[in-house]
Amino acid sequence: MRRSDDGRENIKRFSHRLSVACALPLWLSACAGAPVLWSDPEPQSIQVRQVGALRDCASPQEGARVRLFETGEAARAWAAARQRDRLVRDVRPGRPYAVIELGTASSLGSGIAVRSQAVRIGKRVRLEASLFQGGAAPAPCVVVALPPGIDAQHTVAVYDTDGQRIAASQP
């Protein structure tokens with residue numbers, strides 16, 4: 001009788017060890033992206049510059065939107081297709097830009113001004129903007145020069161001065 005008890009105990013120990021060994025890779029892979037365990041890179045202060053603005057950007061969508069362009073040429077082509085060349089008058093080739101549109105009949109405001117101090121955390125860029133009320137701007141927009149190194153893999157998000165997210169680009 002002693003032998004069968006030892007055999008059962010050995011089988012229990014073996015099956016427990018086997019289940020832990022099999023589950024360990026699953027646990028580790030589930031935790032791979034957990035922000036609690038793996039923190040983002042340190043926030044980095046960056047300088048941006050608003051280089052253009054229009055009171056009517058002819059935005060077809062209702063809500064706010066951010067478009068990220070890897071080069072000035074891409075931003076110019078987008079503006080030319082919309083017949084909004086004045087918006088990109090001061091855009092230079094070879095650097096990234098973001099266009100922020102408030103959208104048609106925006107409840108967000110009739111104007112926008114982007115703060116020159118921004119934050120970059122890994123592949124995310126956080127811009128802060130002041131929204132202005134008043135006037136009858138149908139679809140205001142601005143273009144912002146970003147530092148080199150920002151590309152299509154980044155997300156550019158715009159927040160108002162109260163910390164509410166207005167819009168973000170899609171990576």
# chains A, B, ... in the order shown; residues from 1 in each chain; ligands from 1

call {"tool": "residues_around", "arguments": {"residues": "Cys57 in chain A", "least_positions_apart": "3", "cutoff": "10 Å", "atoms": "only C-alpha atoms", "output": "list of chain:residue names"}}
result
A:Ala53, A:Leu54, A:Pro60, A:Ala79, A:Arg82, A:Gln83, A:Arg84, A:Leu87, A:Ile100, A:Glu101, A:Leu102, A:Gly103, A:Thr104, A:Ala137, A:Pro138, A:Ala139, A:Pro140, A:Cys141, A:Val142

call {"tool": "select_by_dssp", "arguments": {"residues": "range 82-132 of chain A", "states": "strand (DSSP E)", "output": "PyMOL selection string"}}
result
chain A and resi 97-101+111-114+117-121+124-132

call {"tool": "write_last_selection", "arguments": {"atoms": "C-alpha atoms", "output": "short mmCIF file (atom, residue, chain, number, x, y, z; two decimals), in the first residue's frame"}}
result
data_model
loop_
_atom_site.label_atom_id
_atom_site.label_comp_id
_atom_site.auth_asym_id
_atom_site.auth_seq_id
_atom_site.Cartn_x
_atom_site.Cartn_y
_atom_site.Cartn_z
CA TYR A 97 4.88 68.05 -39.92
CA ALA A 98 1.50 67.60 -38.31
CA VAL A 99 -1.71 69.22 -39.53
CA ILE A 100 -4.37 69.68 -36.87
CA GLU A 101 -7.91 70.24 -38.13
CA GLY A 111 -9.09 78.84 -33.74
CA ILE A 112 -6.17 76.86 -32.39
CA ALA A 113 -2.65 77.75 -31.22
CA VAL A 114 -0.11 75.01 -30.47
CA GLN A 117 6.97 72.91 -25.86
CA ALA A 118 5.90 69.29 -26.47
CA VAL A 119 6.66 65.87 -24.97
CA ARG A 120 7.91 62.74 -26.72
CA ILE A 121 7.57 59.37 -25.00
CA ARG A 124 4.18 59.07 -28.92
CA VAL A 125 4.28 62.85 -29.26
CA ARG A 126 2.03 64.96 -27.06
CA LEU A 127 1.19 68.48 -28.23
CA GLU A 128 -0.72 71.03 -26.15
CA ALA A 129 -2.99 73.57 -27.81
CA SER A 130 -5.15 76.51 -26.82
CA LEU A 131 -8.56 76.60 -28.43
CA PHE A 132 -10.20 79.94 -29.17
#

call {"tool": "closest_residue", "arguments": {"among": "A:Asp56, A:Glu42, A:Glu70, A:Asp90", "to": "Gly149 in chain A", "atoms": "only C-alpha atoms"}}
result
A:Glu70

call {"tool": "atom_distance", "arguments": {"atom1": "CA of Ile150 in chain A", "atom2": "CA of Arg65 in chain A"}}
result
17.8 Å

call {"tool": "residues_around", "arguments": {"residues": "Ser116 in chain A", "least_positions_apart": "6", "cutoff": "8 Å", "atoms": "only C-alpha atoms", "output": "list in words"}}
result
Gln47, Val48, Arg49 and Gln50 of chain A

call {"tool": "atom_distance", "arguments": {"atom1": "CA of Gly122 in chain A", "atom2": "CA of Gln61 in chain A"}}
result
29.2 Å

call {"tool": "closest_residue", "arguments": {"among": "A:Pro96, A:Leu68, A:Pro148, A:Glu62", "to": "Ser169 in chain A", "atoms": "only C-alpha atoms"}}
result
A:Leu68

call {"tool": "closest_residue", "arguments": {"among": "A:Ala77, A:Ile46, A:Ala64, A:Val158", "to": "Arg89 in chain A", "atoms": "only C-alpha atoms"}}
result
A:Ala77
